[in-house]
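Colleague: Sharing a structure with you now.
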Amino acid sequence: MTELKERVATLHQLLHQYNYEYHVQDNPSVPDAEYDKLLAELIEIEAAHPEFKSSNSPTVRIGGQAQSTFNKVRHDTPMLSLGNAFNEEDLRRFDQRVREAVGSVTYMCELKIDGLAVSLKYVDGAFVQGLTRGDGTTGEDITENLKTIYAIPLTLERPISFEVRGEAYMPRKSFLKLNEIKEQNDEQPFANPRNAAAGSLRQLDSKLAAERKLDIFLYSINDFTELDATSQSEALAELDGLGFKTNPERREVASIEEVLEYIAYWTDHRTALPYDIDGIVIKVNAIEHQEEMGFTQKSPRWAIAYKFPAEEVVSKLLDIELSIGRTGVVTPTAVLEPVRVAGTTVSRASLHNEDLIHEKDIRIGDSVVVKKAGDIIPEVVRVVLERRPEHAETYHMPTHCPSCGHELVRIEGEVALRCINPKCQAQLVEGLIHFVSRQAMNIDGLGTKIIEQLYHNELIRDVADIFQLTKDDLLPLERMGEKKADNLLSAIEASKQQSLEHLLFGLGIRHLGVKASQVLAEKYETMTRLMSVTEAELTEIHDVGEKLAQSFVTYMANEDIKALIEKLQSRGVNMTYTGEKLSEVEGHPEFHGKTIVLTGKLQQMTRSEAGQWLKRQGAKVTSSVTKSTDLVIAGTDAGSKLTKAESLGTPIWDEQTFIDKQNAMREE
Ligand code: IVH
């Protein structure tokens, strides 16, 4: 037995050494097969003698038991973020603040790795716990997944206890390979390496995490008591000595000029790195100076993150496509030659309206500069005039609706062109899509594609037809199976019970938004009463303006609408208010009772203004994204919260969507 025990110790030691040489030093001394052979031997011994298993055995690298959830753990010291600099001026101001506070300094310049911040805890030299950043105060325990990252030492060269932080990331090569496999399996590929890394670290089954070749660079230490370092450069060197992987591209510099040089260098050379970076981090080097400067609520005063400008690429404008919305508004969309920008392939970008097209003088055939606003939404920045083809003509919106041929009108005071034909097919389809949407009847599984097919197969002509669909109608549709058809039919059945305000909103009455639908349904309680309400009566209601009152009464007086409502009723759709009486509550039902997270940098308001506004609407504004988060509003540079929301499938709005929503509410 002692012999076996010794063998186990030797295997641990050898595997540890080979692993370090390969993954941290990038300089293996034995062929891969040697490592694999020794690991297989250890796995076999552990299987036969479970008493030799240990939580930091090299065998944990391959993953273990799947977990059901990740425990939430409070950070010993909060994980802060960094203030941002976007240009030279911001950096010079930072430098000035630093020198005013502590005199002359040297800076440590580091690459800002585009991954996920994690915190690793060691006790007596053993890796005991690894956490995500979470909301900065509380993170999730992803120890088992982190152990599968070979560059994280499971035991240290010295038996010290401390916490070290760094960035876990997916090298580009692993990312490309992973997406290749995903595509082969007909699965949705990840948008970029950071999302892929986030998705991997959130695997409850660490065996799956182990398949996703992640890596890590460590960059900060929390508590210096057990270390000798007196500066960031020494701290990184000490981390190296302990067996950690730190980024070799760091550079200590003596002035802001040199910082700018370092930035210029990496701006040009970043694409040659085997991993993504999204900026440069500049840190005051001496720990003593760092301590003197201290922290704000959110970030250290002694460091700043320079963010690279949003990536701009050139593509070709192949066409301008027009789409007709539910209310007849015609929106132009740029159809682009597919091009990769900021991690995804872009082939379309909204052009918003004709005015914008003329302002930027965008013409079909032009080479155009494309970027992602807030790193999310594709946008045409400008035209490359030098490359304009000879005969490119100024673009004009059509005079007639591309769907129904009816003349388009420009309503006074609006930039938008509108098709005012109530029988316009494109509008009808959009109206159907609106009817089943979340805020309206909320029929899960009835998406745009299915609606379009049903409409074009003449299976639905109006919203009431939805309630008459049969399995035989559904089965011939593309990508429809027995199970999906059954689920869809039960979702349709369930939606019949929706309270009146959902139906009202779903009908798509002009100027009637979510809030007014709620107010009207609650006040009048039945569709019958709403059908005979007068304009005068309506305008007396606080939340109902003249425009709405008028459009509502006109709508209800229409014979076709009366017939439609009757048809809906005869097909079992509920026509009464069954919701709670919310009259006591102020605020907008669209946000009322919702749990909302704000993240990233907002341009047109501060986050706290946005938060206060949401609270006035009855929303709960929280700081961390969880399963119970209803909505994430993300500004630019949104980090882990956005990633988390993406991985959870939480609805995400950008700032403009939020502002549009606020404006729409004001119009209601
Ligand atoms: S230092 C107090 N150094 O960038 C925060 N951060 O907002 C200390 N990051 O959350 C962070 N590379 O995830 C630091 N070399 C580096 C970094 C780095 C990437 C990330 C980190 C942090 C975010 C800054």
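Labels for the structure tokens follow display order: chains A, B, ..., residues from 1 in each chain, ligands from 1.
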Could you make a table, as a tab-separated table, of the residues of chain A that have an atom within 7 Å of an atom of ligand 1, each with its nearest atom pair and distance in Å to one decimal, counting only C-alpha atoms and all ligand atoms, in chain and number order?
Modeller:
residue	atom	partner	partner_atom_place_in_ligand_line	distance
A:Met79	CA	ligand 1	2 (C)	6.3
A:Leu80	CA	ligand 1	2 (C)	4.4
A:Ser81	CA	ligand 1	7 (O)	3.6
A:Leu82	CA	ligand 1	7 (O)	3.9
A:Gly83	CA	ligand 1	7 (O)	6.9
A:Glu110	CA	ligand 1	15 (N)	4.9
A:Leu111	CA	ligand 1	15 (N)	5.3
A:Lys112	CA	ligand 1	12 (N)	3.4
A:Ile113	CA	ligand 1	19 (C)	4.1
A:Asp114	CA	ligand 1	19 (C)	6.0
A:Gly115	CA	ligand 1	13 (O)	6.7
A:Leu116	CA	ligand 1	13 (O)	5.4
A:Ala117	CA	ligand 1	13 (O)	3.8
A:Gly166	CA	ligand 1	18 (C)	6.9
A:Glu167	CA	ligand 1	13 (O)	5.7
A:Tyr219	CA	ligand 1	3 (N)	5.4
A:Ser220	CA	ligand 1	1 (S)	6.3
A:Val281	CA	ligand 1	15 (N)	5.6
A:Ser299	CA	ligand 1	2 (C)	5.6
A:Pro300	CA	ligand 1	2 (C)	5.7
A:Ala305	CA	ligand 1	24 (C)	6.5
Colleague: Got time to write the residues from that selection, N, CA, C and O atoms, as a PDB file, in the first residue's frame?
Modeller:
ATOM      1  N   MET A  79     -15.135  42.560  -6.026  1.00  0.00           N
ATOM      2  CA  MET A  79     -14.408  42.589  -7.298  1.00  0.00           C
ATOM      3  C   MET A  79     -14.861  43.828  -8.055  1.00  0.00           C
ATOM      4  O   MET A  79     -15.981  43.885  -8.548  1.00  0.00           O
ATOM      5  N   LEU A  80     -13.987  44.791  -8.105  1.00  0.00           N
ATOM      6  CA  LEU A  80     -14.361  46.069  -8.702  1.00  0.00           C
ATOM      7  C   LEU A  80     -14.141  46.044 -10.204  1.00  0.00           C
ATOM      8  O   LEU A  80     -13.638  45.080 -10.755  1.00  0.00           O
ATOM      9  N   SER A  81     -14.540  47.135 -10.846  1.00  0.00           N
ATOM     10  CA  SER A  81     -14.214  47.237 -12.267  1.00  0.00           C
ATOM     11  C   SER A  81     -13.270  48.420 -12.436  1.00  0.00           C
ATOM     12  O   SER A  81     -12.807  48.992 -11.453  1.00  0.00           O
ATOM     13  N   LEU A  82     -13.004  48.790 -13.675  1.00  0.00           N
ATOM     14  CA  LEU A  82     -12.058  49.882 -13.913  1.00  0.00           C
ATOM     15  C   LEU A  82     -12.750  51.053 -14.581  1.00  0.00           C
ATOM     16  O   LEU A  82     -13.694  50.856 -15.353  1.00  0.00           O
ATOM     17  N   GLY A  83     -12.260  52.242 -14.311  1.00  0.00           N
ATOM     18  CA  GLY A  83     -12.734  53.406 -15.050  1.00  0.00           C
ATOM     19  C   GLY A  83     -12.225  53.292 -16.481  1.00  0.00           C
ATOM     20  O   GLY A  83     -11.214  52.638 -16.728  1.00  0.00           O
ATOM     21  N   GLU A 110      -0.759  46.705 -19.226  1.00  0.00           N
ATOM     22  CA  GLU A 110      -1.112  45.301 -19.462  1.00  0.00           C
ATOM     23  C   GLU A 110      -2.175  45.211 -20.533  1.00  0.00           C
ATOM     24  O   GLU A 110      -2.941  46.155 -20.733  1.00  0.00           O
ATOM     25  N   LEU A 111      -2.237  44.088 -21.182  1.00  0.00           N
ATOM     26  CA  LEU A 111      -3.315  43.875 -22.153  1.00  0.00           C
ATOM     27  C   LEU A 111      -4.609  43.656 -21.383  1.00  0.00           C
ATOM     28  O   LEU A 111      -4.613  43.019 -20.327  1.00  0.00           O
ATOM     29  N   LYS A 112      -5.693  44.190 -21.909  1.00  0.00           N
ATOM     30  CA  LYS A 112      -6.998  43.951 -21.283  1.00  0.00           C
ATOM     31  C   LYS A 112      -7.616  42.754 -21.991  1.00  0.00           C
ATOM     32  O   LYS A 112      -8.115  42.861 -23.107  1.00  0.00           O
ATOM     33  N   ILE A 113      -7.507  41.625 -21.337  1.00  0.00           N
ATOM     34  CA  ILE A 113      -7.949  40.371 -21.933  1.00  0.00           C
ATOM     35  C   ILE A 113      -9.478  40.356 -21.978  1.00  0.00           C
ATOM     36  O   ILE A 113     -10.135  40.678 -20.999  1.00  0.00           O
ATOM     37  N   ASP A 114     -10.022  39.959 -23.128  1.00  0.00           N
ATOM     38  CA  ASP A 114     -11.474  39.964 -23.273  1.00  0.00           C
ATOM     39  C   ASP A 114     -12.045  38.598 -22.885  1.00  0.00           C
ATOM     40  O   ASP A 114     -12.324  37.756 -23.723  1.00  0.00           O
ATOM     41  N   GLY A 115     -12.193  38.422 -21.594  1.00  0.00           N
ATOM     42  CA  GLY A 115     -12.734  37.163 -21.087  1.00  0.00           C
ATOM     43  C   GLY A 115     -13.616  37.446 -19.900  1.00  0.00           C
ATOM     44  O   GLY A 115     -14.370  38.418 -19.912  1.00  0.00           O
ATOM     45  N   LEU A 116     -13.490  36.606 -18.879  1.00  0.00           N
ATOM     46  CA  LEU A 116     -14.302  36.805 -17.676  1.00  0.00           C
ATOM     47  C   LEU A 116     -13.419  36.875 -16.451  1.00  0.00           C
ATOM     48  O   LEU A 116     -12.544  36.015 -16.273  1.00  0.00           O
ATOM     49  N   ALA A 117     -13.684  37.868 -15.611  1.00  0.00           N
ATOM     50  CA  ALA A 117     -12.882  38.005 -14.406  1.00  0.00           C
ATOM     51  C   ALA A 117     -13.251  36.881 -13.440  1.00  0.00           C
ATOM     52  O   ALA A 117     -14.427  36.578 -13.233  1.00  0.00           O
ATOM     53  N   GLY A 166      -7.880  37.095 -11.997  1.00  0.00           N
ATOM     54  CA  GLY A 166      -7.413  37.133 -13.378  1.00  0.00           C
ATOM     55  C   GLY A 166      -8.559  36.971 -14.348  1.00  0.00           C
ATOM     56  O   GLY A 166      -9.725  37.026 -13.970  1.00  0.00           O
ATOM     57  N   GLU A 167      -8.196  36.781 -15.591  1.00  0.00           N
ATOM     58  CA  GLU A 167      -9.188  36.701 -16.652  1.00  0.00           C
ATOM     59  C   GLU A 167      -9.136  35.330 -17.306  1.00  0.00           C
ATOM     60  O   GLU A 167      -8.102  34.936 -17.850  1.00  0.00           O
ATOM     61  N   TYR A 219      -3.801  38.536 -12.967  1.00  0.00           N
ATOM     62  CA  TYR A 219      -3.261  39.887 -12.997  1.00  0.00           C
ATOM     63  C   TYR A 219      -3.346  40.674 -11.693  1.00  0.00           C
ATOM     64  O   TYR A 219      -2.873  41.790 -11.618  1.00  0.00           O
ATOM     65  N   SER A 220      -3.981  40.113 -10.690  1.00  0.00           N
ATOM     66  CA  SER A 220      -3.956  40.907  -9.459  1.00  0.00           C
ATOM     67  C   SER A 220      -4.054  40.064  -8.200  1.00  0.00           C
ATOM     68  O   SER A 220      -4.591  38.958  -8.216  1.00  0.00           O
ATOM     69  N   VAL A 281      -4.862  47.978 -19.980  1.00  0.00           N
ATOM     70  CA  VAL A 281      -5.055  48.434 -18.602  1.00  0.00           C
ATOM     71  C   VAL A 281      -3.774  49.113 -18.141  1.00  0.00           C
ATOM     72  O   VAL A 281      -2.680  48.565 -18.322  1.00  0.00           O
ATOM     73  N   SER A 299     -14.282  51.602  -8.461  1.00  0.00           N
ATOM     74  CA  SER A 299     -13.024  51.216  -9.105  1.00  0.00           C
ATOM     75  C   SER A 299     -11.815  51.860  -8.431  1.00  0.00           C
ATOM     76  O   SER A 299     -11.940  52.869  -7.740  1.00  0.00           O
ATOM     77  N   PRO A 300     -10.634  51.271  -8.674  1.00  0.00           N
ATOM     78  CA  PRO A 300      -9.436  51.869  -8.105  1.00  0.00           C
ATOM     79  C   PRO A 300      -9.126  53.199  -8.792  1.00  0.00           C
ATOM     80  O   PRO A 300      -9.339  53.330  -9.998  1.00  0.00           O
ATOM     81  N   ALA A 305      -8.770  51.701 -17.668  1.00  0.00           N
ATOM     82  CA  ALA A 305      -8.796  50.808 -18.827  1.00  0.00           C
ATOM     83  C   ALA A 305      -8.980  51.643 -20.077  1.00  0.00           C
ATOM     84  O   ALA A 305      -9.971  52.351 -20.211  1.00  0.00           O
TER      85      ALA A 305
END
Colleague: Just the residues within 10 Å of Ile256 of chain A, please, counting only C-alpha atoms, with nothing from its chain fewer than 5 positions along; format it as an mmCIF file with all heavy atoms, in the first residue's frame.
Modeller:
data_model
loop_
_atom_site.group_PDB
_atom_site.id
_atom_site.type_symbol
_atom_site.label_atom_id
_atom_site.label_comp_id
_atom_site.auth_asym_id
_atom_site.auth_seq_id
_atom_site.Cartn_x
_atom_site.Cartn_y
_atom_site.Cartn_z
ATOM 1 N N GLU A 88 -6.720 59.813 -26.008
ATOM 2 C CA GLU A 88 -5.495 60.323 -25.407
ATOM 3 C C GLU A 88 -5.806 61.332 -24.293
ATOM 4 O O GLU A 88 -5.155 61.330 -23.249
ATOM 5 C CB GLU A 88 -4.649 60.977 -26.509
ATOM 6 C CG GLU A 88 -3.322 61.456 -26.022
ATOM 7 C CD GLU A 88 -2.457 62.037 -27.140
ATOM 8 O OE1 GLU A 88 -2.586 61.597 -28.301
ATOM 9 O OE2 GLU A 88 -1.654 62.938 -26.825
ATOM 10 N N LEU A 91 -6.587 59.769 -21.102
ATOM 11 C CA LEU A 91 -5.400 59.172 -20.490
ATOM 12 C C LEU A 91 -4.518 60.239 -19.851
ATOM 13 O O LEU A 91 -3.976 60.048 -18.761
ATOM 14 C CB LEU A 91 -4.608 58.393 -21.541
ATOM 15 C CG LEU A 91 -5.298 57.109 -22.008
ATOM 16 C CD1 LEU A 91 -4.697 56.615 -23.310
ATOM 17 C CD2 LEU A 91 -5.190 56.031 -20.936
ATOM 18 N N ARG A 92 -4.410 61.356 -20.533
ATOM 19 C CA ARG A 92 -3.579 62.438 -19.975
ATOM 20 C C ARG A 92 -4.199 62.986 -18.693
ATOM 21 O O ARG A 92 -3.492 63.340 -17.755
ATOM 22 C CB ARG A 92 -3.384 63.555 -21.002
ATOM 23 C CG ARG A 92 -2.458 63.131 -22.134
ATOM 24 C CD ARG A 92 -2.017 64.308 -22.974
ATOM 25 N NE ARG A 92 -1.210 63.862 -24.090
ATOM 26 C CZ ARG A 92 0.099 63.601 -24.020
ATOM 27 N NH1 ARG A 92 0.744 63.768 -22.873
ATOM 28 N NH2 ARG A 92 0.764 63.193 -25.082
ATOM 29 N N PHE A 94 -5.964 61.225 -16.625
ATOM 30 C CA PHE A 94 -5.670 60.208 -15.612
ATOM 31 C C PHE A 94 -4.252 60.410 -15.075
ATOM 32 O O PHE A 94 -4.011 60.451 -13.867
ATOM 33 C CB PHE A 94 -5.842 58.817 -16.229
ATOM 34 C CG PHE A 94 -5.269 57.693 -15.410
ATOM 35 C CD1 PHE A 94 -5.885 57.281 -14.234
ATOM 36 C CD2 PHE A 94 -4.099 57.039 -15.809
ATOM 37 C CE1 PHE A 94 -5.350 56.249 -13.471
ATOM 38 C CE2 PHE A 94 -3.560 56.003 -15.057
ATOM 39 C CZ PHE A 94 -4.185 55.613 -13.885
ATOM 40 N N ASP A 95 -3.323 60.593 -15.988
ATOM 41 C CA ASP A 95 -1.920 60.763 -15.609
ATOM 42 C C ASP A 95 -1.758 61.981 -14.690
ATOM 43 O O ASP A 95 -1.033 61.938 -13.691
ATOM 44 C CB ASP A 95 -1.078 60.936 -16.879
ATOM 45 C CG ASP A 95 0.380 61.191 -16.577
ATOM 46 O OD1 ASP A 95 0.969 60.416 -15.793
ATOM 47 O OD2 ASP A 95 0.945 62.166 -17.121
ATOM 48 N N GLN A 96 -2.478 63.039 -15.035
ATOM 49 C CA GLN A 96 -2.392 64.259 -14.231
ATOM 50 C C GLN A 96 -2.914 64.019 -12.814
ATOM 51 O O GLN A 96 -2.286 64.394 -11.831
ATOM 52 C CB GLN A 96 -3.210 65.346 -14.914
ATOM 53 C CG GLN A 96 -2.844 66.726 -14.435
ATOM 54 C CD GLN A 96 -3.608 67.770 -15.234
ATOM 55 O OE1 GLN A 96 -4.257 67.448 -16.234
ATOM 56 N NE2 GLN A 96 -3.551 68.996 -14.791
ATOM 57 N N VAL A 105 5.597 58.750 -11.094
ATOM 58 C CA VAL A 105 5.312 57.320 -10.949
ATOM 59 C C VAL A 105 5.822 56.547 -12.156
ATOM 60 O O VAL A 105 6.127 57.123 -13.193
ATOM 61 C CB VAL A 105 3.788 57.040 -10.889
ATOM 62 C CG1 VAL A 105 3.182 57.557 -9.614
ATOM 63 C CG2 VAL A 105 3.081 57.601 -12.118
ATOM 64 N N THR A 106 5.865 55.234 -12.003
ATOM 65 C CA THR A 106 5.963 54.394 -13.191
ATOM 66 C C THR A 106 4.630 53.659 -13.307
ATOM 67 O O THR A 106 3.930 53.455 -12.314
ATOM 68 C CB THR A 106 7.105 53.355 -13.116
ATOM 69 O OG1 THR A 106 6.827 52.455 -12.054
ATOM 70 C CG2 THR A 106 8.443 54.023 -12.920
ATOM 71 N N TYR A 107 4.300 53.323 -14.549
ATOM 72 C CA TYR A 107 3.049 52.612 -14.801
ATOM 73 C C TYR A 107 3.336 51.205 -15.282
ATOM 74 O O TYR A 107 4.342 50.949 -15.951
ATOM 75 C CB TYR A 107 2.248 53.308 -15.900
ATOM 76 C CG TYR A 107 1.693 54.655 -15.510
ATOM 77 C CD1 TYR A 107 2.145 55.815 -16.137
ATOM 78 C CD2 TYR A 107 0.704 54.763 -14.530
ATOM 79 C CE1 TYR A 107 1.624 57.054 -15.796
ATOM 80 C CE2 TYR A 107 0.177 56.000 -14.184
ATOM 81 C CZ TYR A 107 0.640 57.144 -14.808
ATOM 82 O OH TYR A 107 0.124 58.356 -14.476
ATOM 83 N N GLU A 261 2.579 55.007 -26.481
ATOM 84 C CA GLU A 261 3.306 54.171 -27.448
ATOM 85 C C GLU A 261 2.871 52.708 -27.355
ATOM 86 O O GLU A 261 2.670 52.040 -28.360
ATOM 87 C CB GLU A 261 4.813 54.217 -27.171
ATOM 88 C CG GLU A 261 5.519 55.376 -27.821
ATOM 89 C CD GLU A 261 6.940 55.517 -27.273
ATOM 90 O OE1 GLU A 261 7.574 54.486 -26.926
ATOM 91 O OE2 GLU A 261 7.402 56.676 -27.180
ATOM 92 N N TYR A 262 2.752 52.254 -26.114
ATOM 93 C CA TYR A 262 2.340 50.865 -25.886
ATOM 94 C C TYR A 262 0.954 50.642 -26.491
ATOM 95 O O TYR A 262 0.709 49.655 -27.187
ATOM 96 C CB TYR A 262 2.322 50.608 -24.376
ATOM 97 C CG TYR A 262 1.952 49.199 -23.954
ATOM 98 C CD1 TYR A 262 2.915 48.197 -23.861
ATOM 99 C CD2 TYR A 262 0.639 48.878 -23.597
ATOM 100 C CE1 TYR A 262 2.582 46.910 -23.446
ATOM 101 C CE2 TYR A 262 0.294 47.601 -23.187
ATOM 102 C CZ TYR A 262 1.271 46.618 -23.105
ATOM 103 O OH TYR A 262 0.942 45.351 -22.696
ATOM 104 N N ILE A 282 -3.916 50.302 -17.569
ATOM 105 C CA ILE A 282 -2.753 51.036 -17.082
ATOM 106 C C ILE A 282 -2.864 51.131 -15.565
ATOM 107 O O ILE A 282 -3.882 51.598 -15.038
ATOM 108 C CB ILE A 282 -2.681 52.450 -17.708
ATOM 109 C CG1 ILE A 282 -2.593 52.317 -19.225
ATOM 110 C CG2 ILE A 282 -1.483 53.233 -17.180
ATOM 111 C CD1 ILE A 282 -3.831 52.743 -19.944
#
Colleague: Applying 9 Å and only C-alpha atoms, which residues near segment 379-385 of chain A remain after dropping the ones on its own chain fewer than 2 positions away? List them as a PyMOL selection string.
Modeller: chain A and resi 312+314+334+348-351+360-363+366-373+377+387-389
Colleague: Which one is closest to Asn56 of chain A: A:Ala9, A:Leu131, A:Leu154, A:Leu39? Count only C-alpha atoms.
Modeller: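 Between A:Ala9, A:Leu131, A:Leu154, A:Leu39, the residue approaching Asn56 of chain A most closely is A:Leu154.
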Colleague: Do a neighbour search on segment 63-77 of chain A at 8 Å with only C-alpha atoms, toss out local chain neighbours closer than 3 positions, and write the hits as a PyMOL selection string.
Modeller: chain A and resi 59-60+131+136-142+144-145+147-148+204-210+222
Colleague: Using the selection just defined, write its residues with N, CA, C and O atoms as a short mmCIF file (atom, residue, chain, number, x, y, z; two decimals), in the first residue's frame.
Modeller:
data_model
loop_
_atom_site.label_atom_id
_atom_site.label_comp_id
_atom_site.auth_asym_id
_atom_site.auth_seq_id
_atom_site.Cartn_x
_atom_site.Cartn_y
_atom_site.Cartn_z
N THR A 59 -6.37 14.42 -11.85
CA THR A 59 -7.51 13.83 -12.57
C THR A 59 -8.74 14.75 -12.58
O THR A 59 -9.63 14.57 -13.40
N VAL A 60 -8.78 15.73 -11.67
CA VAL A 60 -9.95 16.63 -11.68
C VAL A 60 -9.98 17.51 -12.93
O VAL A 60 -11.00 18.11 -13.25
N LEU A 131 -14.37 31.76 -8.02
CA LEU A 131 -15.66 32.45 -8.17
C LEU A 131 -15.68 33.32 -9.42
O LEU A 131 -14.65 33.84 -9.85
N GLY A 136 -20.01 41.71 -8.45
CA GLY A 136 -18.88 42.37 -7.81
C GLY A 136 -18.84 42.09 -6.32
O GLY A 136 -17.79 42.00 -5.71
N THR A 137 -20.01 41.91 -5.73
CA THR A 137 -20.09 41.63 -4.29
C THR A 137 -20.22 40.13 -4.07
O THR A 137 -19.57 39.54 -3.21
N THR A 138 -21.08 39.52 -4.88
CA THR A 138 -21.31 38.09 -4.77
C THR A 138 -21.09 37.44 -6.12
O THR A 138 -21.56 37.95 -7.13
N GLY A 139 -20.37 36.35 -6.11
CA GLY A 139 -20.13 35.64 -7.37
C GLY A 139 -20.67 34.23 -7.27
O GLY A 139 -21.27 33.84 -6.27
N GLU A 140 -20.44 33.45 -8.32
CA GLU A 140 -20.88 32.06 -8.31
C GLU A 140 -19.67 31.15 -8.20
O GLU A 140 -18.62 31.42 -8.77
N ASP A 141 -19.89 30.09 -7.45
CA ASP A 141 -18.81 29.14 -7.21
C ASP A 141 -18.65 28.22 -8.42
O ASP A 141 -19.46 27.33 -8.65
N ILE A 142 -17.60 28.47 -9.21
CA ILE A 142 -17.37 27.64 -10.41
C ILE A 142 -16.05 26.87 -10.27
O ILE A 142 -15.36 26.60 -11.25
N GLU A 144 -15.22 23.79 -9.78
CA GLU A 144 -15.00 22.55 -10.54
C GLU A 144 -14.67 22.85 -12.01
O GLU A 144 -13.84 22.19 -12.61
N ASN A 145 -15.34 23.85 -12.55
CA ASN A 145 -15.04 24.20 -13.94
C ASN A 145 -13.66 24.82 -14.07
O ASN A 145 -12.94 24.57 -15.04
N LYS A 147 -11.09 24.21 -12.30
CA LYS A 147 -10.05 23.18 -12.16
C LYS A 147 -9.72 22.52 -13.50
O LYS A 147 -8.67 21.92 -13.67
N THR A 148 -10.66 22.61 -14.45
CA THR A 148 -10.39 22.00 -15.76
C THR A 148 -9.48 22.88 -16.61
O THR A 148 -9.07 22.49 -17.69
N LEU A 204 -22.89 23.28 -15.96
CA LEU A 204 -23.04 22.63 -14.66
C LEU A 204 -22.26 21.31 -14.64
O LEU A 204 -21.90 20.81 -13.58
N ASP A 205 -22.01 20.79 -15.83
CA ASP A 205 -21.26 19.55 -15.91
C ASP A 205 -19.80 19.90 -16.25
O ASP A 205 -19.50 20.31 -17.37
N SER A 206 -18.92 19.72 -15.28
CA SER A 206 -17.54 20.16 -15.50
C SER A 206 -16.84 19.33 -16.58
O SER A 206 -15.84 19.75 -17.15
N LYS A 207 -17.41 18.16 -16.90
CA LYS A 207 -16.82 17.38 -18.00
C LYS A 207 -16.99 18.14 -19.31
O LYS A 207 -16.12 18.10 -20.18
N LEU A 208 -18.11 18.83 -19.44
CA LEU A 208 -18.32 19.64 -20.65
C LEU A 208 -17.40 20.84 -20.66
O LEU A 208 -16.82 21.20 -21.68
N ALA A 209 -17.25 21.45 -19.47
CA ALA A 209 -16.34 22.60 -19.39
C ALA A 209 -14.93 22.17 -19.79
O ALA A 209 -14.19 22.91 -20.45
N ALA A 210 -14.56 20.95 -19.40
CA ALA A 210 -13.22 20.46 -19.68
C ALA A 210 -12.96 20.33 -21.19
O ALA A 210 -11.84 20.46 -21.65
N ASN A 222 -4.99 40.30 -4.02
CA ASN A 222 -5.77 41.12 -3.12
C ASN A 222 -5.04 41.55 -1.88
O ASN A 222 -5.13 42.66 -1.41
#
Colleague: Applying 9 Å and only C-alpha atoms, which residues near segment 495-510 of chain A remain after dropping the ones on its own chain fewer than 2 positions away? List them as a count of residues only.
Modeller: 47
Colleague: Out of segment 194-396 of chain A, which residues get strand (DSSP E) from DSSP, as a ChimeraX atom specification?
Modeller: /A:215-221,251-253,277-284,303-307,313-324,329-341,344-350,367-373,377-383
Colleague: For a test of reading the model, state the distance in Å between atom CA of Ile541 of chain A and atom CA of Glu590 of chain A, rounded to one decimal.
Modeller: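 Separating atom CA of Ile541 of chain A from atom CA of Glu590 of chain A is a distance of 18.8 Å.
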Colleague: Do a neighbour search on Val625 of chain A at 10 Å with only C-alpha atoms, toss out local chain neighbours closer than 4 positions, and write the hits as a list of chain:residue names.
Modeller: A:Gly134, A:Asp135, A:Thr595, A:Ile596, A:Val597, A:Leu598, A:Thr599, A:Thr629, A:Asp630, A:Leu631, A:Val632, A:Ser640, A:Lys641, A:Leu642, A:Thr643, A:Lys644, A:Ala645, A:Leu648, A:Thr650
Colleague: For the atom pair atom CA of Asn487 of chain A and atom CA of Asp186 of chain A, what is the interatomic distance in Å to one decimal place?
Modeller: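 Computing it gives 22.5 Å between the two atoms.
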